[in-house]
Amino acid sequence: IQFGIDYCRLFYQMWRIRNACDFPDYDWRACHSRIPLQRWWHRKRAGHILGLATTELPCVDVGSGSSTLLTQLPAGSIGFDINGQKLRFMRRSGHPLVQGDGGRLPFADASVATLVCSQLLEHIEDDGAPLLDELARVLMPGGCLILGTPDYGGWQWPLIERLYHRIVPYPYTRSHVSHYDLEKLRAALGERGLSIETHRHIAGAELIVQCRKGIEK
């Protein structure tokens with residue numbers, strides 16, 4: 001009996017490790033999850049991003065993680081993430097991969113035509129200012145930025161977040177330190193010369209915007 005109890009405890013500990021958001025294939029598995037809502041949400045997010053990134057030119061996916069989105073981006077697109085284990089897992093994508101910090105992007109000024117940055121802004125302190133500054137710096141004039149983050153302006157995401165905290169031990173949402181809604185995001189991007197052209201929602205809880213960098217005269 002004691003062995004059975006200890007074995008169950010060990011199984012639970014290993015289950016938590018295997019399903020933690022930092023595990024190399026977490027995002028990939030979420031896109032194929034046996035949980036219908038999780039699977040739908042991740043595929044809906046990828047669908048919106050691909051629909052807004054209307055170019056066939058290579059782009060940079062900042063905070064790519066191990067999402068299947070990278071495999072659907074144009075050939076030559078770059079996956080960028082701070083987690084080296086997730087990047088090693090994503091070698092299967094065939095895309096170039098770069099490890100680094102979103103607050104110090106290793107790309108030249110005005111060198112990227114299309115940037116994708118989904119589910120990263122909310123994890124950056126100081127209202128995500130270091131990340132937004134870098135995204136604006138490397139995006140070329142007239143370039144397109146697809147940016148996704150939870151929408152704290154309505155009731156949907158705060159409710160989902162509270163439920164998530166009750167159900168999932170140590171959920172990744174506890175590291176959400178920068179909270180945005182559409183108007184706050186519009187203002188933050190506008191200060192950096194970026195204007196929102198259109199936006200999409202997932203269940204009213206996740207906000208995905210397409211914005212353009214102004215061309216200097």
# chains A, B, ... in the order shown; residues from 1 in each chain; ligands from 1

call {"tool": "closest_atom_pairs", "arguments": {"of": "range 33-152 of chain A", "to": "range 200-212 of chain A", "cutoff": "9 Å", "atoms": "only C-alpha atoms", "output": "Markdown table"}}
result
| residue | atom | partner | partner_atom | distance |
| --- | --- | --- | --- | --- |
| A:Trp41 | CA | A:Ile202 | CA | 7.4 |
| A:Lys44 | CA | A:Ile202 | CA | 7.3 |
| A:Arg45 | CA | A:Ile202 | CA | 7.3 |
| A:His48 | CA | A:Arg200 | CA | 7.0 |
| A:Ile49 | CA | A:Ile208 | CA | 7.5 |
| A:Leu52 | CA | A:Gln210 | CA | 6.3 |
| A:Ala53 | CA | A:Gln210 | CA | 7.9 |
| A:Ser118 | CA | A:Ile208 | CA | 7.9 |
| A:Pro141 | CA | A:Arg212 | CA | 8.1 |
| A:Gly142 | CA | A:Arg212 | CA | 6.0 |
| A:Gly143 | CA | A:Arg212 | CA | 5.7 |
| A:Cys144 | CA | A:Arg212 | CA | 4.7 |
| A:Leu145 | CA | A:Cys211 | CA | 5.3 |
| A:Ile146 | CA | A:Gln210 | CA | 4.7 |
| A:Leu147 | CA | A:Val209 | CA | 5.4 |
| A:Gly148 | CA | A:Ile208 | CA | 4.2 |
| A:Thr149 | CA | A:Leu207 | CA | 5.5 |
| A:Pro150 | CA | A:Glu206 | CA | 4.3 |
| A:Asp151 | CA | A:Glu206 | CA | 5.1 |
| A:Tyr152 | CA | A:Ala205 | CA | 7.5 |

call {"tool": "write_last_selection", "arguments": {"atoms": "N, CA and C atoms", "output": "compact mmCIF listing (two decimals), in the first residue's frame"}}
result
# COMPACT_ATOMS: atom_id res chain seq x y z
N TRP A 41 -8.30 26.44 -29.57
CA TRP A 41 -7.74 27.77 -29.28
C TRP A 41 -6.42 27.97 -30.00
N LYS A 44 -6.96 28.17 -33.74
CA LYS A 44 -7.60 29.43 -34.08
C LYS A 44 -6.58 30.57 -34.07
N ARG A 45 -5.70 30.56 -33.10
CA ARG A 45 -4.65 31.58 -33.01
C ARG A 45 -3.77 31.53 -34.26
N HIS A 48 -5.61 32.94 -37.33
CA HIS A 48 -5.69 34.40 -37.35
C HIS A 48 -4.36 35.01 -37.77
N ILE A 49 -3.27 34.51 -37.18
CA ILE A 49 -1.95 35.07 -37.47
C ILE A 49 -1.59 34.88 -38.94
N LEU A 52 -3.52 37.27 -41.13
CA LEU A 52 -3.09 38.66 -41.05
C LEU A 52 -1.72 38.89 -41.66
N ALA A 53 -0.88 37.88 -41.63
CA ALA A 53 0.45 37.97 -42.24
C ALA A 53 0.31 37.61 -43.72
N SER A 118 3.58 36.49 -30.67
CA SER A 118 2.34 36.05 -30.04
C SER A 118 2.61 35.47 -28.66
N PRO A 141 10.40 50.41 -42.30
CA PRO A 141 9.27 51.29 -42.61
C PRO A 141 8.32 50.64 -43.60
N GLY A 142 7.03 50.69 -43.28
CA GLY A 142 6.03 50.03 -44.11
C GLY A 142 5.87 48.56 -43.77
N GLY A 143 6.69 48.05 -42.84
CA GLY A 143 6.63 46.64 -42.46
C GLY A 143 5.42 46.33 -41.59
N CYS A 144 5.12 45.05 -41.47
CA CYS A 144 3.92 44.58 -40.77
C CYS A 144 4.31 43.82 -39.51
N LEU A 145 3.63 44.13 -38.42
CA LEU A 145 3.80 43.42 -37.15
C LEU A 145 2.48 42.77 -36.76
N ILE A 146 2.51 41.46 -36.52
CA ILE A 146 1.35 40.74 -35.99
C ILE A 146 1.64 40.46 -34.53
N LEU A 147 0.85 41.05 -33.64
CA LEU A 147 1.11 40.98 -32.20
C LEU A 147 -0.11 40.42 -31.48
N GLY A 148 0.10 39.40 -30.66
CA GLY A 148 -0.98 38.77 -29.91
C GLY A 148 -0.73 38.78 -28.42
N THR A 149 -1.78 39.04 -27.65
CA THR A 149 -1.67 39.08 -26.19
C THR A 149 -3.06 38.91 -25.58
N PRO A 150 -3.18 38.41 -24.35
CA PRO A 150 -4.50 38.34 -23.71
C PRO A 150 -5.13 39.74 -23.61
N ASP A 151 -6.44 39.80 -23.76
CA ASP A 151 -7.18 41.06 -23.68
C ASP A 151 -7.77 41.20 -22.28
N TYR A 152 -7.17 42.11 -21.51
CA TYR A 152 -7.63 42.34 -20.13
C TYR A 152 -8.71 43.42 -20.08

call {"tool": "select_by_dssp", "arguments": {"residues": "range 106-162 of chain A", "states": "strand (DSSP E)", "output": "VMD selection string"}}
result
chain A and resid 112 to 118 139 to 150

call {"tool": "write_last_selection", "arguments": {"atoms": "C-alpha atoms", "output": "mmCIF file, in the first residue's frame"}}
result
data_model
loop_
_atom_site.group_PDB
_atom_site.id
_atom_site.type_symbol
_atom_site.label_atom_id
_atom_site.label_comp_id
_atom_site.auth_asym_id
_atom_site.auth_seq_id
_atom_site.Cartn_x
_atom_site.Cartn_y
_atom_site.Cartn_z
ATOM 1 C CA VAL A 112 12.665 42.819 -41.091
ATOM 2 C CA ALA A 113 9.595 43.198 -43.312
ATOM 3 C CA THR A 114 7.209 41.055 -41.233
ATOM 4 C CA LEU A 115 7.322 40.283 -37.520
ATOM 5 C CA VAL A 116 5.130 37.854 -35.586
ATOM 6 C CA CYS A 117 5.042 38.061 -31.793
ATOM 7 C CA SER A 118 2.339 36.051 -30.043
ATOM 8 C CA LEU A 139 10.766 46.455 -38.334
ATOM 9 C CA MET A 140 11.409 48.272 -41.605
ATOM 10 C CA PRO A 141 9.267 51.293 -42.605
ATOM 11 C CA GLY A 142 6.031 50.029 -44.105
ATOM 12 C CA GLY A 143 6.629 46.641 -42.461
ATOM 13 C CA CYS A 144 3.924 44.581 -40.774
ATOM 14 C CA LEU A 145 3.803 43.416 -37.147
ATOM 15 C CA ILE A 146 1.352 40.738 -35.988
ATOM 16 C CA LEU A 147 1.108 40.983 -32.205
ATOM 17 C CA GLY A 148 -0.981 38.774 -29.913
ATOM 18 C CA THR A 149 -1.669 39.075 -26.187
ATOM 19 C CA PRO A 150 -4.496 38.343 -23.705
#

call {"tool": "residues_around", "arguments": {"residues": "Asp127 in chain A", "least_positions_apart": "2", "cutoff": "6 Å", "atoms": "only C-alpha atoms", "output": "ChimeraX atom specification"}}
result
/A:125,129,178

call {"tool": "write_last_selection", "arguments": {"atoms": "N, CA, C and O atoms", "output": "PDB file, in the first residue's frame"}}
result
ATOM      1  N   GLU A 125       8.217  42.655 -18.292  1.00  0.00           N
ATOM      2  CA  GLU A 125       7.946  43.693 -17.287  1.00  0.00           C
ATOM      3  C   GLU A 125       7.959  45.087 -17.923  1.00  0.00           C
ATOM      4  O   GLU A 125       8.315  45.261 -19.076  1.00  0.00           O
ATOM      5  N   ALA A 129       7.685  47.248 -22.425  1.00  0.00           N
ATOM      6  CA  ALA A 129       8.381  48.308 -23.164  1.00  0.00           C
ATOM      7  C   ALA A 129       9.657  47.820 -23.859  1.00  0.00           C
ATOM      8  O   ALA A 129       9.886  48.164 -25.029  1.00  0.00           O
ATOM      9  N   SER A 178       2.271  42.136 -17.643  1.00  0.00           N
ATOM     10  CA  SER A 178       1.869  43.305 -18.423  1.00  0.00           C
ATOM     11  C   SER A 178       0.492  43.049 -19.021  1.00  0.00           C
ATOM     12  O   SER A 178       0.324  42.116 -19.812  1.00  0.00           O
TER      13      SER A 178
END

call {"tool": "closest_residue", "arguments": {"among": "A:Ala46, A:Asp27, A:His95, A:His32", "to": "Gly65 in chain A", "atoms": "only C-alpha atoms"}}
result
A:Asp27

call {"tool": "atom_distance", "arguments": {"atom1": "CA of Gly84 in chain A", "atom2": "CA of Leu121 in chain A"}}
result
19.1 Å

call {"tool": "residues_around", "arguments": {"residues": "range 105-111 of chain A", "least_positions_apart": "3", "cutoff": "9 Å", "atoms": "only C-alpha atoms", "output": "list in words"}}
result
Val62, Phe80, Val98, Gly100, Asp101, Gly102, Leu131, Glu134, Leu135, Ala136, Arg137, Val138, Leu139, Met140, Pro141 and Gly143 of chain A

call {"tool": "write_last_selection", "arguments": {"atoms": "all heavy atoms", "output": "CSV table (one decimal), in the first residue's frame"}}
result
chain,number,residue,atom,x,y,z
A,62,VAL,N,9.0,36.0,-33.2
A,62,VAL,CA,9.6,36.3,-31.9
A,62,VAL,C,8.9,35.7,-30.8
A,62,VAL,O,7.7,35.9,-30.6
A,62,VAL,CB,9.7,37.9,-31.7
A,62,VAL,CG1,10.4,38.2,-30.4
A,62,VAL,CG2,10.5,38.5,-32.8
A,80,PHE,N,12.5,32.5,-33.3
A,80,PHE,CA,13.4,33.2,-32.3
A,80,PHE,C,12.7,32.9,-30.9
A,80,PHE,O,11.6,33.2,-30.7
A,80,PHE,CB,13.5,34.7,-32.6
A,80,PHE,CG,14.3,35.4,-31.6
A,80,PHE,CD1,15.7,35.6,-31.7
A,80,PHE,CD2,13.7,36.0,-30.4
A,80,PHE,CE1,16.4,36.3,-30.8
A,80,PHE,CE2,14.5,36.7,-29.5
A,80,PHE,CZ,15.8,36.8,-29.7
A,98,VAL,N,17.0,30.9,-33.9
A,98,VAL,CA,17.9,31.8,-33.2
A,98,VAL,C,17.5,31.9,-31.7
A,98,VAL,O,16.3,32.1,-31.5
A,98,VAL,CB,18.0,33.2,-33.8
A,98,VAL,CG1,18.9,34.1,-33.0
A,98,VAL,CG2,18.4,33.2,-35.3
A,100,GLY,N,17.7,33.8,-28.1
A,100,GLY,CA,18.1,35.1,-27.6
A,100,GLY,C,16.9,35.7,-26.8
A,100,GLY,O,15.9,35.1,-26.5
A,101,ASP,N,17.2,36.9,-26.3
A,101,ASP,CA,16.2,37.7,-25.4
A,101,ASP,C,15.4,38.7,-26.3
A,101,ASP,O,16.0,39.4,-27.1
A,101,ASP,CB,17.1,38.4,-24.4
A,101,ASP,CG,16.2,39.1,-23.3
A,101,ASP,OD1,15.0,39.2,-23.5
A,101,ASP,OD2,16.7,39.6,-22.3
A,102,GLY,N,14.1,38.7,-26.1
A,102,GLY,CA,13.2,39.6,-26.8
A,102,GLY,C,13.5,41.0,-26.6
A,102,GLY,O,13.2,41.9,-27.4
A,131,LEU,N,10.4,45.0,-25.1
A,131,LEU,CA,10.1,44.2,-26.3
A,131,LEU,C,9.5,45.0,-27.4
A,131,LEU,O,9.9,44.9,-28.6
A,131,LEU,CB,9.1,43.1,-25.9
A,131,LEU,CG,8.5,42.2,-27.1
A,131,LEU,CD1,9.6,41.5,-27.8
A,131,LEU,CD2,7.5,41.3,-26.6
A,134,GLU,N,12.1,47.0,-29.2
A,134,GLU,CA,12.9,46.2,-30.1
A,134,GLU,C,12.1,45.9,-31.4
A,134,GLU,O,12.7,45.9,-32.5
A,134,GLU,CB,13.4,45.0,-29.4
A,134,GLU,CG,14.6,45.2,-28.5
A,134,GLU,CD,15.8,45.7,-29.2
A,134,GLU,OE1,16.6,44.8,-29.7
A,134,GLU,OE2,16.1,46.9,-29.3
A,135,LEU,N,10.9,45.5,-31.2
A,135,LEU,CA,10.1,45.2,-32.4
A,135,LEU,C,10.0,46.4,-33.3
A,135,LEU,O,10.1,46.2,-34.5
A,135,LEU,CB,8.7,44.8,-31.9
A,135,LEU,CG,8.6,43.4,-31.1
A,135,LEU,CD1,7.1,43.2,-30.7
A,135,LEU,CD2,9.0,42.2,-32.0
A,136,ALA,N,9.8,47.6,-32.8
A,136,ALA,CA,9.7,48.8,-33.6
A,136,ALA,C,11.0,49.1,-34.2
A,136,ALA,O,11.1,49.6,-35.4
A,136,ALA,CB,9.2,50.0,-32.7
A,137,ARG,N,12.1,48.8,-33.5
A,137,ARG,CA,13.5,49.1,-34.1
A,137,ARG,C,13.8,48.2,-35.3
A,137,ARG,O,14.3,48.8,-36.3
A,137,ARG,CB,14.5,48.9,-33.0
A,137,ARG,CG,16.0,49.1,-33.5
A,137,ARG,CD,17.0,48.8,-32.4
A,137,ARG,NE,17.0,47.4,-32.1
A,137,ARG,CZ,17.7,46.5,-32.8
A,137,ARG,NH1,18.3,46.8,-33.9
A,137,ARG,NH2,17.7,45.2,-32.4
A,138,VAL,N,13.5,46.9,-35.2
A,138,VAL,CA,14.0,46.0,-36.3
A,138,VAL,C,13.0,46.0,-37.5
A,138,VAL,O,13.3,45.6,-38.6
A,138,VAL,CB,14.2,44.6,-35.8
A,138,VAL,CG1,15.2,44.6,-34.6
A,138,VAL,CG2,12.9,43.9,-35.3
A,139,LEU,N,11.8,46.5,-37.3
A,139,LEU,CA,10.8,46.5,-38.3
A,139,LEU,C,11.1,47.6,-39.3
A,139,LEU,O,11.2,48.7,-38.9
A,139,LEU,CB,9.4,46.6,-37.8
A,139,LEU,CG,8.2,46.4,-38.7
A,139,LEU,CD1,8.1,45.0,-39.2
A,139,LEU,CD2,6.9,46.8,-38.0
A,140,MET,N,11.1,47.3,-40.6
A,140,MET,CA,11.4,48.3,-41.6
A,140,MET,C,10.2,49.2,-41.8
A,140,MET,O,9.0,48.8,-41.6
A,140,MET,CB,11.9,47.6,-42.9
A,140,MET,CG,10.8,46.8,-43.6
A,140,MET,SD,11.4,46.1,-45.2
A,140,MET,CE,12.9,45.3,-44.8
A,141,PRO,N,10.4,50.4,-42.3
A,141,PRO,CA,9.3,51.3,-42.6
A,141,PRO,C,8.3,50.6,-43.6
A,141,PRO,O,8.7,50.1,-44.6
A,141,PRO,CB,10.0,52.5,-43.2
A,141,PRO,CG,11.3,52.5,-42.6
A,141,PRO,CD,11.7,51.1,-42.5
A,143,GLY,N,6.7,48.0,-42.8
A,143,GLY,CA,6.6,46.6,-42.5
A,143,GLY,C,5.4,46.3,-41.6
A,143,GLY,O,4.8,47.2,-41.0

call {"tool": "residues_around", "arguments": {"residues": "Gln99 in chain A", "least_positions_apart": "3", "cutoff": "9 Å", "atoms": "only C-alpha atoms", "output": "NGL selection string"}}
result
:A and (79-84 or 87)

call {"tool": "write_last_selection", "arguments": {"atoms": "C-alpha atoms", "output": "tab-separated table (two decimals), in the first residue's frame"}}
result
chain	number	residue	atom	x	y	z
A	79	GLY	CA	12.08	31.14	-35.23
A	80	PHE	CA	13.36	33.18	-32.28
A	81	ASP	CA	13.01	32.15	-28.64
A	82	ILE	CA	14.85	32.31	-25.33
A	83	ASN	CA	14.24	28.61	-24.62
A	84	GLY	CA	16.97	26.59	-26.31
A	87	LEU	CA	14.31	25.55	-30.45

call {"tool": "select_by_dssp", "arguments": {"residues": "range 109-151 of chain A", "states": "helix (DSSP H, G or I)", "output": "PyMOL selection string"}}
result
chain A and resi 121-123+126-138

call {"tool": "write_last_selection", "arguments": {"atoms": "C-alpha atoms", "output": "JSON list (two decimals), in the first residue's frame"}}
result
[["chain", "number", "residue", "atom", "x", "y", "z"],
["A", 121, "LEU", "CA", 4.30, 40.71, -24.49],
["A", 122, "GLU", "CA", 2.38, 39.86, -21.31],
["A", 123, "HIS", "CA", 5.46, 38.14, -19.84],
["A", 126, "ASP", "CA", 7.52, 47.48, -17.56],
["A", 127, "ASP", "CA", 4.39, 47.05, -19.70],
["A", 128, "GLY", "CA", 6.48, 45.13, -22.23],
["A", 129, "ALA", "CA", 8.38, 48.31, -23.16],
["A", 130, "PRO", "CA", 11.75, 46.59, -23.88],
["A", 131, "LEU", "CA", 10.08, 44.16, -26.30],
["A", 132, "LEU", "CA", 7.94, 46.80, -28.03],
["A", 133, "ASP", "CA", 10.98, 49.05, -28.46],
["A", 134, "GLU", "CA", 12.93, 46.24, -30.10],
["A", 135, "LEU", "CA", 10.07, 45.18, -32.37],
["A", 136, "ALA", "CA", 9.70, 48.78, -33.59],
["A", 137, "ARG", "CA", 13.47, 49.09, -34.08],
["A", 138, "VAL", "CA", 13.98, 46.03, -36.29]]

call {"tool": "atom_distance", "arguments": {"atom1": "CA of Gln119 in chain A", "atom2": "CA of Pro36 in chain A"}}
result
20.0 Å

call {"tool": "atom_distance", "arguments": {"atom1": "CA of Leu73 in chain A", "atom2": "CA of Gly94 in chain A"}}
result
11.0 Å

call {"tool": "closest_residue", "arguments": {"among": "A:Ser93, A:Ser195, A:Thr55, A:Ser64", "to": "Leu120 in chain A", "atoms": "only C-alpha atoms"}}
result
A:Ser64

call {"tool": "closest_residue", "arguments": {"among": "A:Ser77, A:Leu70, A:Arg39, A:Pro158", "to": "Leu57 in chain A", "atoms": "only C-alpha atoms"}}
result
A:Ser77
